[in-house]
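Heads up, entry_37.cif below (mmCIF, C-alpha atoms, pLDDT in the B column; chains and numbers go by the auth columns):
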data_final
loop_
_atom_site.group_PDB
_atom_site.id
_atom_site.type_symbol
_atom_site.label_atom_id
_atom_site.label_comp_id
_atom_site.label_asym_id
_atom_site.label_seq_id
_atom_site.Cartn_x
_atom_site.Cartn_y
_atom_site.Cartn_z
_atom_site.B_iso_or_equiv
_atom_site.auth_seq_id
_atom_site.auth_asym_id
ATOM 1 C CA MET A 1 -38.721 8.707 7.791 34.00 2 J
ATOM 2 C CA ILE A 2 -36.346 8.312 10.739 36.00 3 J
ATOM 3 C CA ALA A 3 -35.534 4.725 9.797 40.00 4 J
ATOM 4 C CA ARG A 4 -35.022 5.758 6.184 39.00 5 J
ATOM 5 C CA ARG A 5 -32.624 8.594 7.063 37.00 6 J
ATOM 6 C CA LEU A 6 -30.672 6.304 9.337 42.00 7 J
ATOM 7 C CA ALA A 7 -30.484 3.619 6.699 41.00 8 J
ATOM 8 C CA VAL A 8 -29.120 6.078 4.138 38.00 9 J
ATOM 9 C CA GLY A 9 -26.607 7.421 6.619 41.00 10 J
ATOM 10 C CA PHE A 10 -25.526 3.885 7.438 44.00 11 J
ATOM 11 C CA ALA A 11 -25.057 3.013 3.771 41.00 12 J
ATOM 12 C CA ILE A 12 -22.877 6.075 3.161 40.00 13 J
ATOM 13 C CA MET A 13 -20.767 5.171 6.166 43.00 14 J
ATOM 14 C CA LEU A 14 -20.538 1.523 5.095 43.00 15 J
ATOM 15 C CA VAL A 15 -18.307 2.195 2.126 41.00 16 J
ATOM 16 C CA GLY A 16 -15.652 3.820 4.290 45.00 17 J
ATOM 17 C CA GLY A 17 -14.074 0.645 5.628 52.00 18 J
ATOM 18 C CA CYS A 18 -17.396 -1.123 5.770 64.00 19 J
ATOM 19 C CA GLY A 19 -16.533 -4.676 6.797 75.00 20 J
ATOM 20 C CA VAL A 20 -19.678 -6.107 5.138 84.00 21 J
ATOM 21 C CA THR A 21 -18.354 -6.766 1.627 92.00 22 J
ATOM 22 C CA ARG A 22 -16.549 -10.088 1.077 95.00 23 J
ATOM 23 C CA LEU A 23 -13.599 -9.397 -1.252 96.00 24 J
ATOM 24 C CA GLN A 24 -12.210 -12.937 -0.972 96.00 25 J
ATOM 25 C CA SER A 25 -12.908 -16.392 -2.332 97.00 26 J
ATOM 26 C CA ALA A 26 -13.543 -19.477 -0.206 97.00 27 J
ATOM 27 C CA ARG A 27 -9.846 -20.343 -0.230 96.00 28 J
ATOM 28 C CA THR A 28 -7.668 -19.532 2.737 96.00 29 J
ATOM 29 C CA THR A 29 -4.341 -17.717 2.766 95.00 30 J
ATOM 30 C CA PRO A 30 -1.423 -20.188 2.490 93.00 31 J
ATOM 31 C CA ARG A 31 0.180 -21.222 5.763 94.00 32 J
ATOM 32 C CA GLY A 32 2.665 -18.642 7.047 94.00 33 J
ATOM 33 C CA HIS A 33 1.797 -15.978 4.453 94.00 34 J
ATOM 34 C CA THR A 34 0.154 -12.596 4.985 94.00 35 J
ATOM 35 C CA ARG A 35 -1.896 -10.757 2.381 95.00 36 J
ATOM 36 C CA THR A 36 -3.515 -7.312 2.326 95.00 37 J
ATOM 37 C CA THR A 37 -6.665 -6.442 0.370 96.00 38 J
ATOM 38 C CA ILE A 38 -7.633 -2.844 -0.377 94.00 39 J
ATOM 39 C CA GLY A 39 -11.010 -2.113 -1.919 93.00 40 J
ATOM 40 C CA GLU A 40 -13.654 0.492 -2.596 89.00 41 J
ATOM 41 C CA SER A 41 -17.415 0.179 -3.033 86.00 42 J
ATOM 42 C CA PHE A 42 -20.167 2.069 -4.776 86.00 43 J
ATOM 43 C CA VAL A 43 -23.506 1.761 -2.990 84.00 44 J
ATOM 44 C CA TYR A 44 -26.902 1.922 -4.653 82.00 45 J
ATOM 45 C CA LEU A 45 -29.429 3.564 -2.330 70.00 46 J
ATOM 46 C CA GLY A 46 -32.583 3.007 -4.350 61.00 47 J
ATOM 47 C CA ASP A 47 -34.266 6.289 -5.332 52.00 48 J
ATOM 48 C CA ARG A 48 -31.293 8.202 -3.904 53.00 49 J
ATOM 49 C CA GLY A 49 -28.972 6.762 -6.528 49.00 50 J
ATOM 50 C CA PHE A 50 -25.308 5.901 -5.985 50.00 51 J
ATOM 51 C CA THR A 51 -22.800 7.045 -3.425 50.00 52 J
ATOM 52 C CA VAL A 52 -19.149 6.314 -2.818 49.00 53 J
ATOM 53 C CA GLY A 53 -17.158 6.275 0.381 47.00 54 J
ATOM 54 C CA PRO A 54 -16.378 9.738 1.746 43.00 55 J
ATOM 55 C CA PRO A 55 -13.083 10.912 3.307 37.00 56 J
ATOM 56 C CA PRO A 56 -11.241 10.582 5.597 36.00 57 J
ATOM 57 C CA ILE A 57 -11.235 6.743 5.308 37.00 58 J
ATOM 58 C CA PRO A 58 -12.696 5.817 1.908 50.00 59 J
ATOM 59 C CA LEU A 59 -11.058 2.397 1.632 76.00 60 J
ATOM 60 C CA ASP A 60 -11.942 -1.080 2.846 89.00 61 J
ATOM 61 C CA ILE A 61 -8.705 -2.591 4.180 92.00 62 J
ATOM 62 C CA MET A 62 -8.309 -6.244 5.202 95.00 63 J
ATOM 63 C CA VAL A 63 -5.221 -8.201 6.284 96.00 64 J
ATOM 64 C CA ARG A 64 -5.260 -12.033 6.383 96.00 65 J
ATOM 65 C CA HIS A 65 -2.688 -14.551 7.618 96.00 66 J
ATOM 66 C CA GLY A 66 -2.543 -18.291 6.949 96.00 67 J
ATOM 67 C CA ALA A 67 -2.472 -20.307 10.167 97.00 68 J
ATOM 68 C CA THR A 68 -2.654 -23.803 8.601 96.00 69 J
ATOM 69 C CA ASP A 69 -3.296 -25.243 5.141 94.00 70 J
ATOM 70 C CA ARG A 70 -7.054 -24.912 5.754 97.00 71 J
ATOM 71 C CA VAL A 71 -7.391 -22.093 8.305 98.00 72 J
ATOM 72 C CA ASP A 72 -6.582 -18.412 8.156 97.00 73 J
ATOM 73 C CA TRP A 73 -7.548 -15.394 10.209 98.00 74 J
ATOM 74 C CA GLY A 74 -8.060 -11.769 9.299 97.00 75 J
ATOM 75 C CA ILE A 75 -8.710 -8.294 10.571 96.00 76 J
ATOM 76 C CA ARG A 76 -10.340 -5.426 8.686 95.00 77 J
ATOM 77 C CA LEU A 77 -11.778 -1.982 9.138 91.00 78 J
ATOM 78 C CA LEU A 78 -15.350 -1.858 10.407 88.00 79 J
ATOM 79 C CA PHE A 79 -17.283 1.249 9.318 79.00 80 J
ATOM 80 C CA GLY A 80 -13.928 3.047 9.146 66.00 81 J
ATOM 81 C CA LEU A 81 -14.198 3.542 12.912 78.00 82 J
ATOM 82 C CA GLY A 82 -13.475 0.114 14.362 90.00 83 J
ATOM 83 C CA LEU A 83 -12.091 -3.339 13.659 94.00 84 J
ATOM 84 C CA LEU A 84 -13.567 -6.721 12.751 95.00 85 J
ATOM 85 C CA GLY A 85 -11.676 -9.979 13.233 97.00 86 J
ATOM 86 C CA ASP A 86 -12.618 -13.394 11.852 97.00 87 J
ATOM 87 C CA VAL A 87 -11.399 -16.967 11.335 98.00 88 J
ATOM 88 C CA LYS A 88 -12.043 -18.881 8.085 98.00 89 J
ATOM 89 C CA TRP A 89 -11.881 -22.683 7.684 98.00 90 J
ATOM 90 C CA ASN A 90 -11.769 -24.403 4.288 98.00 91 J
ATOM 91 C CA LEU A 91 -13.749 -27.637 4.695 98.00 92 J
ATOM 92 C CA LEU A 92 -12.230 -29.249 1.583 97.00 93 J
ATOM 93 C CA ASP A 93 -8.736 -30.395 0.677 96.00 94 J
ATOM 94 C CA PRO A 94 -6.896 -27.256 -0.525 94.00 95 J
ATOM 95 C CA ALA A 95 -5.491 -29.292 -3.447 94.00 96 J
ATOM 96 C CA ARG A 96 -8.986 -29.446 -4.951 96.00 97 J
ATOM 97 C CA ALA A 97 -10.210 -26.932 -7.495 96.00 98 J
ATOM 98 C CA THR A 98 -13.338 -26.328 -5.384 97.00 99 J
ATOM 99 C CA ALA A 99 -13.269 -24.692 -1.968 98.00 100 J
ATOM 100 C CA LEU A 100 -16.033 -24.511 0.648 98.00 101 J
ATOM 101 C CA SER A 101 -15.425 -22.476 3.769 98.00 102 J
ATOM 102 C CA VAL A 102 -17.091 -21.273 6.944 98.00 103 J
ATOM 103 C CA SER A 103 -16.040 -18.086 8.696 98.00 104 J
ATOM 104 C CA ALA A 104 -17.095 -16.402 11.923 97.00 105 J
ATOM 105 C CA GLY A 105 -15.935 -13.267 13.651 97.00 106 J
ATOM 106 C CA ALA A 106 -16.634 -10.371 15.985 97.00 107 J
ATOM 107 C CA GLY A 107 -15.861 -6.697 16.006 95.00 108 J
ATOM 108 C CA GLY A 108 -16.852 -3.295 17.207 93.00 109 J
ATOM 109 C CA ALA A 109 -16.841 0.374 16.272 89.00 110 J
ATOM 110 C CA VAL A 110 -17.523 3.601 18.139 87.00 111 J
ATOM 111 C CA ASP A 111 -17.870 7.287 17.381 77.00 112 J
ATOM 112 C CA SER A 112 -19.347 10.342 19.078 72.00 113 J
ATOM 113 C CA SER A 113 -22.944 9.298 18.341 73.00 114 J
ATOM 114 C CA ALA A 114 -23.048 5.556 19.072 79.00 115 J
ATOM 115 C CA GLY A 115 -21.259 2.276 19.629 84.00 116 J
ATOM 116 C CA LEU A 116 -21.647 -0.897 17.600 87.00 117 J
ATOM 117 C CA ILE A 117 -20.967 -4.607 18.150 91.00 118 J
ATOM 118 C CA HIS A 118 -21.006 -6.846 15.085 93.00 119 J
ATOM 119 C CA VAL A 119 -20.981 -10.677 14.891 96.00 120 J
ATOM 120 C CA PRO A 120 -20.967 -12.189 11.347 96.00 121 J
ATOM 121 C CA LEU A 121 -21.226 -15.808 10.167 97.00 122 J
ATOM 122 C CA THR A 122 -20.585 -16.634 6.482 98.00 123 J
ATOM 123 C CA VAL A 123 -20.493 -19.703 4.217 98.00 124 J
ATOM 124 C CA SER A 124 -18.467 -19.315 0.989 98.00 125 J
ATOM 125 C CA ALA A 125 -17.861 -21.431 -2.095 98.00 126 J
ATOM 126 C CA SER A 126 -15.475 -20.948 -5.014 98.00 127 J
ATOM 127 C CA HIS A 127 -14.064 -22.900 -7.935 98.00 128 J
ATOM 128 C CA ASN A 128 -10.846 -22.527 -9.916 97.00 129 J
ATOM 129 C CA VAL A 129 -12.174 -22.534 -13.481 97.00 130 J
ATOM 130 C CA ARG A 130 -8.610 -21.658 -14.456 95.00 131 J
ATOM 131 C CA PRO A 131 -5.598 -21.151 -12.169 92.00 132 J
ATOM 132 C CA TRP A 132 -6.102 -17.396 -12.608 95.00 133 J
ATOM 133 C CA PHE A 133 -9.927 -17.233 -12.765 97.00 134 J
ATOM 134 C CA ILE A 134 -11.918 -17.988 -9.582 97.00 135 J
ATOM 135 C CA PRO A 135 -15.657 -17.223 -9.359 98.00 136 J
ATOM 136 C CA TYR A 136 -17.037 -17.233 -5.828 98.00 137 J
ATOM 137 C CA ALA A 137 -20.283 -16.786 -3.931 98.00 138 J
ATOM 138 C CA ALA A 138 -21.162 -16.421 -0.263 98.00 139 J
ATOM 139 C CA VAL A 139 -24.149 -16.100 2.027 98.00 140 J
ATOM 140 C CA GLY A 140 -23.881 -14.666 5.500 97.00 141 J
ATOM 141 C CA TYR A 141 -25.819 -13.351 8.444 96.00 142 J
ATOM 142 C CA GLY A 142 -24.602 -10.470 10.567 94.00 143 J
ATOM 143 C CA THR A 143 -25.986 -9.250 13.872 91.00 144 J
ATOM 144 C CA TYR A 144 -25.486 -5.602 14.856 90.00 145 J
ATOM 145 C CA TRP A 145 -26.045 -4.317 18.360 88.00 146 J
ATOM 146 C CA VAL A 146 -26.309 -0.521 18.242 84.00 147 J
ATOM 147 C CA ILE A 147 -25.601 1.080 21.616 80.00 148 J
ATOM 148 C CA GLY A 148 -26.297 4.625 22.737 74.00 149 J
ATOM 149 C CA TYR A 149 -27.819 5.930 19.505 66.00 150 J
ATOM 150 C CA GLY A 150 -30.448 8.673 19.641 61.00 151 J
ATOM 151 C CA ASN A 151 -31.973 10.652 22.505 64.00 152 J
ATOM 152 C CA GLN A 152 -35.302 9.939 24.138 60.00 153 J
ATOM 153 C CA THR A 153 -37.717 12.823 24.601 61.00 154 J
ATOM 154 C CA PRO A 154 -39.072 13.052 28.164 60.00 155 J
ATOM 155 C CA GLY A 155 -42.731 12.051 28.427 56.00 156 J
ATOM 156 C CA VAL A 156 -42.711 10.105 25.149 53.00 157 J
ATOM 157 C CA SER A 157 -43.237 6.336 25.189 60.00 158 J
ATOM 158 C CA TYR A 158 -40.785 4.266 23.125 56.00 159 J
ATOM 159 C CA ALA A 159 -40.591 0.610 22.193 59.00 160 J
ATOM 160 C CA GLY A 160 -38.326 -1.422 24.433 63.00 161 J
ATOM 161 C CA ARG A 161 -35.184 -3.136 23.214 66.00 162 J
ATOM 162 C CA SER A 162 -35.514 -6.754 22.134 74.00 163 J
ATOM 163 C CA TYR A 163 -31.744 -7.333 22.511 76.00 164 J
ATOM 164 C CA THR A 164 -31.780 -9.479 19.372 82.00 165 J
ATOM 165 C CA GLY A 165 -29.800 -6.804 17.574 85.00 166 J
ATOM 166 C CA ASP A 166 -30.438 -5.795 13.981 87.00 167 J
ATOM 167 C CA GLY A 167 -29.857 -8.637 11.525 90.00 168 J
ATOM 168 C CA LEU A 168 -28.683 -8.389 7.916 92.00 169 J
ATOM 169 C CA LEU A 169 -28.706 -11.230 5.404 96.00 170 J
ATOM 170 C CA MET A 170 -25.692 -10.694 3.116 96.00 171 J
ATOM 171 C CA LEU A 171 -25.409 -12.216 -0.360 97.00 172 J
ATOM 172 C CA HIS A 172 -22.151 -11.948 -2.320 98.00 173 J
ATOM 173 C CA ALA A 173 -21.020 -12.940 -5.828 98.00 174 J
ATOM 174 C CA GLY A 174 -17.686 -12.089 -7.378 98.00 175 J
ATOM 175 C CA ILE A 175 -14.666 -13.080 -9.390 98.00 176 J
ATOM 176 C CA GLU A 176 -11.028 -13.227 -8.382 98.00 177 J
ATOM 177 C CA LEU A 177 -8.371 -12.768 -11.072 97.00 178 J
ATOM 178 C CA THR A 178 -5.167 -13.960 -9.478 94.00 179 J
ATOM 179 C CA ARG A 179 -1.497 -14.240 -10.387 91.00 180 J
ATOM 180 C CA ALA A 180 0.970 -16.939 -9.421 87.00 181 J
ATOM 181 C CA THR A 181 2.499 -14.529 -6.899 88.00 182 J
ATOM 182 C CA GLY A 182 -0.780 -14.391 -4.941 89.00 183 J
ATOM 183 C CA ARG A 183 -1.649 -10.870 -6.034 94.00 184 J
ATOM 184 C CA ALA A 184 -5.235 -10.552 -7.213 96.00 185 J
ATOM 185 C CA PHE A 185 -7.947 -8.270 -8.566 97.00 186 J
ATOM 186 C CA PHE A 186 -11.573 -8.598 -7.394 98.00 187 J
ATOM 187 C CA LEU A 187 -14.929 -7.558 -8.808 97.00 188 J
ATOM 188 C CA GLU A 188 -17.877 -8.164 -6.492 97.00 189 J
ATOM 189 C CA TYR A 189 -21.571 -7.514 -6.049 96.00 190 J
ATOM 190 C CA SER A 190 -23.164 -7.690 -2.593 95.00 191 J
ATOM 191 C CA VAL A 191 -26.626 -6.982 -1.252 94.00 192 J
ATOM 192 C CA GLY A 192 -27.639 -6.471 2.365 92.00 193 J
ATOM 193 C CA LEU A 193 -31.207 -7.441 3.278 93.00 194 J
ATOM 194 C CA PRO A 194 -32.604 -6.462 6.694 93.00 195 J
ATOM 195 C CA VAL A 195 -34.332 -9.449 8.302 94.00 196 J
ATOM 196 C CA VAL A 196 -34.361 -8.594 12.033 90.00 197 J
ATOM 197 C CA ASN A 197 -34.965 -5.208 13.638 84.00 198 J
ATOM 198 C CA ASP A 198 -34.625 -4.179 17.269 81.00 199 J
ATOM 199 C CA PRO A 199 -37.121 -1.282 17.577 79.00 200 J
ATOM 200 C CA GLY A 200 -35.587 -0.088 20.811 70.00 201 J
ATOM 201 C CA ASP A 201 -32.151 0.860 19.450 71.00 202 J
ATOM 202 C CA PHE A 202 -33.442 3.826 17.362 68.00 203 J
ATOM 203 C CA TYR A 203 -31.642 2.476 14.324 74.00 204 J
ATOM 204 C CA GLY A 204 -33.009 1.207 11.039 75.00 205 J
ATOM 205 C CA PHE A 205 -31.514 -0.707 8.106 79.00 206 J
ATOM 206 C CA ALA A 206 -32.633 -0.693 4.471 83.00 207 J
ATOM 207 C CA THR A 207 -31.743 -2.891 1.515 89.00 208 J
ATOM 208 C CA ASN A 208 -28.526 -1.656 -0.102 87.00 209 J
ATOM 209 C CA HIS A 209 -26.527 -2.888 -3.096 90.00 210 J
ATOM 210 C CA PHE A 210 -22.730 -2.809 -3.141 90.00 211 J
ATOM 211 C CA PHE A 211 -20.529 -2.844 -6.255 92.00 212 J
ATOM 212 C CA SER A 212 -16.932 -3.370 -5.188 92.00 213 J
ATOM 213 C CA ILE A 213 -13.467 -3.403 -6.705 94.00 214 J
ATOM 214 C CA ALA A 214 -10.371 -4.509 -4.801 96.00 215 J
ATOM 215 C CA PHE A 215 -6.703 -5.390 -5.137 96.00 216 J
ATOM 216 C CA ARG A 216 -4.806 -7.924 -3.040 96.00 217 J
ATOM 217 C CA THR A 217 -1.106 -7.712 -2.353 91.00 218 J
ATOM 218 C CA GLY A 218 1.271 -10.049 -0.554 75.00 219 J
ATOM 219 C CA ARG A 219 3.293 -13.148 -1.294 68.00 220 J
ATOM 220 C CA GLY A 220 2.296 -16.793 -1.305 53.00 221 J
ATOM 221 C CA SER A 221 0.608 -18.376 -4.274 47.00 222 J
ATOM 222 C CA LEU A 222 -2.195 -20.783 -3.499 45.00 223 J
ATOM 223 C CA TYR A 223 -0.186 -23.447 -5.309 42.00 224 J
ATOM 224 C CA SER A 224 3.265 -22.359 -4.086 38.00 225 J
ATOM 225 C CA ARG A 225 3.763 -25.777 -2.482 39.00 226 J
ATOM 226 C CA GLY A 226 3.249 -27.514 -5.818 35.00 227 J
ATOM 227 C CA LEU A 227 -0.495 -28.105 -5.546 43.00 228 J
ATOM 228 C CA ASP A 228 -2.176 -28.789 -8.852 44.00 229 J
ATOM 229 C CA PRO A 229 -4.982 -26.246 -9.523 42.00 230 J
ATOM 230 C CA HIS A 230 -6.970 -28.981 -11.312 43.00 231 J
ATOM 231 C CA PRO A 231 -5.985 -32.252 -9.623 44.00 232 J
ATOM 232 C CA VAL A 232 -7.213 -35.316 -11.483 42.00 233 J
ATOM 233 C CA PRO A 233 -6.465 -38.620 -9.756 42.00 234 J
ATOM 234 C CA ASP A 234 -5.827 -41.725 -11.841 38.00 235 J
ATOM 235 C CA GLY A 235 -8.757 -43.991 -12.593 42.00 236 J
ATOM 236 C CA PRO A 236 -8.765 -47.810 -12.267 45.00 237 J
ATOM 237 C CA SER A 237 -7.360 -48.218 -15.794 43.00 238 J
ATOM 238 C CA GLY A 238 -4.525 -45.788 -15.178 42.00 239 J
ATOM 239 C CA ARG A 239 -6.255 -43.067 -17.179 44.00 240 J
ATOM 240 C CA PRO A 240 -7.420 -39.842 -15.477 42.00 241 J
ATOM 241 C CA ALA A 241 -10.824 -40.074 -13.875 42.00 242 J
ATOM 242 C CA ASN A 242 -13.376 -37.333 -14.438 43.00 243 J
ATOM 243 C CA VAL A 243 -13.604 -35.927 -10.982 40.00 244 J
ATOM 244 C CA ASP A 244 -13.629 -32.469 -9.457 40.00 245 J
#
File written out as structure tokens:
Amino acid sequence: MIARRLAVGFAIMLVGGCGVTRLQSARTTPRGHTRTTIGESFVYLGDRGFTVGPPPIPLDIMVRHGATDRVDWGIRLLFGLGLLGDVKWNLLDPARATALSVSAGAGGAVDSSAGLIHVPLTVSASHNVRPWFIPYAAVGYGTYWVIGYGNQTPGVSYAGRSYTGDGLLMLHAGIELTRATGRAFFLEYSVGLPVVNDPGDFYGFATNHFFSIAFRTGRGSLYSRGLDPHPVPDGPSGRPANVD
């Protein structure tokens, strides 16, 4: 029951600047441009139904800046109480319609009851079906070290900490509807699956489902430097070749 109550409490807190939803495709922000994404999530808690982020910070806010044509970095709210920073690298030529990226980051949050350190690693893929329509998917693993949560009762024996942290496997699928200006609208589904538990941190995770909606502002179209959203190089005969 303790683990269940904690998991529900965690899920309610997640939607207030959670930092675990994706809300971005595999593409990086264009070099020199900065974009802001603001989103909200509904969380399905199993037999407890749905919940939505409570005040005072009900929004997930993320700011990203393009460092190079293939690399950007970002910072976002973590649990509404802290910050999470990450770097994303597009492994493919940004002129291609398909993008494949790897991102890694670190962050922390603290309140009156506990502290938290979070280290995520994510692989993302997306494809420009049309210049304005970009489906994407991602798989990630996040480690959470919960510090100072709960009080031990004198004379009671507790499990020791494993120091592995609590691990969540995150799966994401979404669509990005984007404009030439770089502004975009996102619809996304995410699920968090607990795969590692540290019994000594008095904290428990449960499987939760996230249904998210987000808007992205900022300048800098992906193709602002004249990149073709569906590049098709010439074949040997001078006619377009059927390639990605």
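Residues in contact with range 67-81 of chain J at up to 6 Å, not including ones fewer than 2 positions away on its chain and judged by only C-alpha atoms, are J:Leu15, J:Gly17, J:Gly18, J:Cys19, J:Gly20, J:Thr29, J:Thr30, J:Pro31, J:Arg32, J:Gly33, J:His34, J:Ile58, J:Ile62, J:Met63, J:Val64, J:Arg65, J:Gly83, J:Leu84, J:Leu85, J:Gly86, J:Asp87, J:Val88, J:Lys89, J:Trp90, J:Asn91.
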- Query: How far is it from CA of Thr179 in chain J to CA of Glu41 in chain J, in Å with one decimal?
  - Reply: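 Rounded to one decimal, the two atoms are 18.1 Å apart.
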- Close residues, Thr22 in chain J itself excluded, 8 Å, all atoms listed in the file, min 6 positions apart in chain, as a PyMOL selection string: chain J and resi 173+191+211+213
- Query: Just how far from CA of Phe206 in chain J is CA of Ala110 in chain J, in Å to one decimal?
  - Reply: 16.8 Å
- Neighbour list for range 124-133 of chain J as a PyMOL selection string, cut-off 7 Å, all atoms listed in the file, skip fewer than 2 positions in-chain: chain J and resi 26-27+98-104+135-141+178-180+230
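When only C-alpha atoms are used to measure the gap to Arg28 in chain J, the shortest distance among J:Val44, J:Asp112, J:Glu177, J:Ala107 belongs to J:Glu177.
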Assuming 3 Å of padding per side, give the centre and edge lengths of the axis-aligned box around every listed atom of range 61-71 of chain J, in Å to one decimal and as AutoDock Vina command-line options.
--center_x -7.2 --center_y -13.2 --center_z 6.5 --size_x 15.5 --size_y 30.2 --size_z 13.3
- To verify the selection step, state as an MDAnalysis selection string which residues the PyMOL selection byres ((chain J and resi 188) around 7) yields on this input. chainID J and resid 175:177 187 189 213:215
